[in-house]
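S.K.: First the structure, then my questions, so here it is.
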Amino acid sequence: MFFFRVLAAALLAQTTLALTPAAHTASGLPVFLAPSGSRVQPSGRNMEVFAPNGTLIHTFENVIPNNLKTKRQPTLARRQDLSSTEAYAQFNTTPDNFIQSFNTTFVIPPAPTTFDSQIIFLSANVQVLDADGVPFGNLRAALQYGGSWVQGGPFWTYAIQLELPPSGFLQVTNIGADPTLEAGQRIVNTIVADTEFNQETPGTFWYIASFDNVPDAPTLEVGWEAPPQIAALQLEEEGVSQASDYPAGSFVFEQINLNLTSGAPTISWTTSVDPTTDVQVKVDVDGSQNAQVSIVFPSA
Ligand SMILES: *[C@@H]1O[C@H](CO)[C@@H](O)[C@H](O)[C@H]1NC(C)=O
Ligand SMILES: *[C@@H]1O[C@H](CO)[C@@H](O)[C@H](O)[C@H]1NC(C)=O
Ligand SMILES: *[C@@H]1O[C@H](CO)[C@@H](O)[C@H](O)[C@H]1NC(C)=O
């Protein structure tokens, strides 16, 4: 009897190996925090979060779709999940030709002149799609304005996140680091394939998101059994009620460079605007090399 109790306790300890949500989004999705340098990897239909010291700290259960095709993916029209304002490119990536790196730089704009508890995310991200073209994972390096579930206020901060729709978010933090960014600062944003790890674990495609030139900014590494098919430059917002809740003018993603493992692809950015906002997206320079995309905010 005692033995079984010990065994049950051990099993229980294993299954309760989970982080407590640090917060919830406005729509009620949990947000978990992990230390910078954490790795998230697939295991069956789960995504497991390992701290930099190798300890499994959290499991997102059943977040990988059943219908994931890991071999050769047909070209699919992407299905829009949420209404958002973005420029995106879709690739028929394969295990032999996947996104090698996706970089951009931008200058932090002045803060909006009014703060109504709105939250704004401006991100470069890569997304994995299921066999129906629905995204089930989004790794992003984001600039945040406003107070989130875990940080911020009426100022700019950085946020590196993995979104696992519809299960929630993982955000990485560096203990003691101040995520605040200043207007006028130029930020380098990179999402790069981890070549070494890809070779060590064939069939898993690893990506590291970081802000290269920001001291103390965290990094997050995520592996998927299918290479991401979407690269996007995106604006998401919640709670904006007037033009002055946005920064004035435009936010410009500059020096956008995206290479596949085979080199620079010929691409054209597709834009999509959230019809409930007055924000526009402009592709100033198209293509995969030194491209430029502007998010144009309504004038106050
Ligand atoms: C490993 O890192 C996790 C997360 O930071 C921490 O909770 C745990 O105590 C660490 N374990 C060891 C053995 O250092
Ligand atoms: C993106 O940035 C990384 C890190 O600086 C660099 O290694 C890579 O070559 C860059 N990729 C492109 C396409 O410019
Ligand atoms: C991206 O691909 C282009 C064309 O194949 C190549 O000239 C360039 O050096 C590549 N950039 C990186 C950073 O690998």
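So you can find residues: chains in the structure tokens are A, B, ... in the order shown, residues in each start at 1, and ligands are numbered from 1 in order.
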Write out as a ChimeraX atom specification all residues of range 36-240 of chain A that backbone DSSP assigns to alpha helix (DSSP H).
M.R.: /A:195-200
S.K.: Go ahead and save the picked residues with C-alpha atoms, as a PDB file, in the first residue's frame.
M.R.:
```
ATOM      1  CA  THR A 195      21.541  24.963 -37.609  1.00  0.00           C
ATOM      2  CA  GLU A 196      23.462  22.998 -34.998  1.00  0.00           C
ATOM      3  CA  PHE A 197      20.337  21.807 -33.213  1.00  0.00           C
ATOM      4  CA  ASN A 198      18.603  21.006 -36.493  1.00  0.00           C
ATOM      5  CA  GLN A 199      21.444  18.647 -37.289  1.00  0.00           C
ATOM      6  CA  GLU A 200      21.360  17.060 -33.843  1.00  0.00           C
TER       7      GLU A 200
END
```
S.K.: Do a neighbour search on Thr93 in chain A at 8 Å with only C-alpha atoms, toss out local chain neighbours closer than 2 positions, and write the hits as a PyMOL selection string.
M.R.: chain A and resi 73+91+95-99+227-229
S.K.: Report as number ranges by chain which protein, DNA and RNA residues come within 6 Å of ligand 1, using only C-alpha atoms and all ligand atoms.
M.R.: A: 35, 51, 53, 55
S.K.: Report as a list in words which protein, DNA and RNA residues come within 7 Å of ligand 3, using only C-alpha atoms and all ligand atoms.
M.R.: Asn259, Ser262, Gly263 and Ala264 of chain A
S.K.: Write the residues of the preceding selection, restricted to all heavy atoms, as an mmCIF file, in the first residue's frame.
M.R.:
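Ended up saving to again_5.cif:
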```cif
data_model
loop_
_atom_site.group_PDB
_atom_site.id
_atom_site.type_symbol
_atom_site.label_atom_id
_atom_site.label_comp_id
_atom_site.auth_asym_id
_atom_site.auth_seq_id
_atom_site.Cartn_x
_atom_site.Cartn_y
_atom_site.Cartn_z
ATOM 1 N N ASN A 259 15.838 34.742 -45.665
ATOM 2 C CA ASN A 259 16.464 33.732 -46.519
ATOM 3 C C ASN A 259 15.946 32.350 -46.174
ATOM 4 O O ASN A 259 15.768 32.025 -45.000
ATOM 5 C CB ASN A 259 17.989 33.725 -46.337
ATOM 6 C CG ASN A 259 18.676 34.742 -47.228
ATOM 7 O OD1 ASN A 259 18.088 35.770 -47.557
ATOM 8 N ND2 ASN A 259 19.896 34.453 -47.622
ATOM 9 N N SER A 262 17.915 27.546 -49.079
ATOM 10 C CA SER A 262 18.414 27.545 -50.456
ATOM 11 C C SER A 262 18.822 28.935 -50.939
ATOM 12 O O SER A 262 19.236 29.087 -52.078
ATOM 13 C CB SER A 262 17.334 26.985 -51.378
ATOM 14 O OG SER A 262 16.190 27.820 -51.310
ATOM 15 N N GLY A 263 18.682 29.940 -50.100
ATOM 16 C CA GLY A 263 19.033 31.301 -50.513
ATOM 17 C C GLY A 263 17.852 32.234 -50.416
ATOM 18 O O GLY A 263 16.908 31.977 -49.668
ATOM 19 N N ALA A 264 17.927 33.310 -51.188
ATOM 20 C CA ALA A 264 16.878 34.327 -51.094
ATOM 21 C C ALA A 264 15.704 33.949 -51.984
ATOM 22 O O ALA A 264 15.859 33.805 -53.188
ATOM 23 C CB ALA A 264 17.446 35.670 -51.520
#
```
S.K.: Would you kindly return, as a ChimeraX atom specification, each protein, DNA or RNA residue with an atom no farther than 12 Å from any atom of Ser210 in chain A, considering only C-alpha atoms and excluding same-chain residues fewer than 4 positions away?
M.R.: /A:36-37,101-105,123-125,139-143,158-161,172-173,187-193,214-222
S.K.: In Å to one decimal, how far is CA of Asn174 in chain A from CA of Gly54 in chain A?
M.R.: 16.6 Å
S.K.: Just how far from CA of Leu68 in chain A is CA of His24 in chain A, in Å to one decimal?
M.R.: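 Value for the CA of His24 in chain A-CA of Leu68 in chain A distance: 27.8 Å.
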S.K.: As JSON, numbers by chain, list the residues of range 68-283 of chain A assigned to strand (DSSP E) by DSSP on the backbone atoms of this structure.
M.R.: {"A": [85, 86, 87, 88, 89, 90, 99, 100, 101, 102, 103, 104, 105, 106, 107, 119, 120, 121, 122, 123, 124, 125, 126, 127, 128, 129, 135, 136, 137, 138, 139, 140, 141, 142, 143, 144, 145, 146, 147, 152, 153, 154, 155, 156, 157, 158, 159, 160, 161, 162, 163, 164, 168, 169, 170, 171, 172, 173, 180, 181, 186, 187, 188, 189, 190, 191, 192, 193, 205, 206, 207, 208, 209, 210, 211, 220, 221, 222, 223, 224, 230, 231, 232, 233, 234, 235, 236, 237, 238, 250, 251, 252, 253, 254, 255, 256, 257, 258, 259, 260, 270, 271, 272, 280, 281, 282, 283]}
S.K.: Excluding Pro166 in chain A and residues on its chain fewer than 5 positions from it, collect all residues at most 9 Å away from it, counting only C-alpha atoms, and give them as a count of residues only.
M.R.: 3
S.K.: Of the residues A:Ala89, A:Ala34, A:Ile256, A:Ile175, which is the one nearest to ligand 2, using only C-alpha atoms and all ligand atoms?
M.R.: A:Ile256
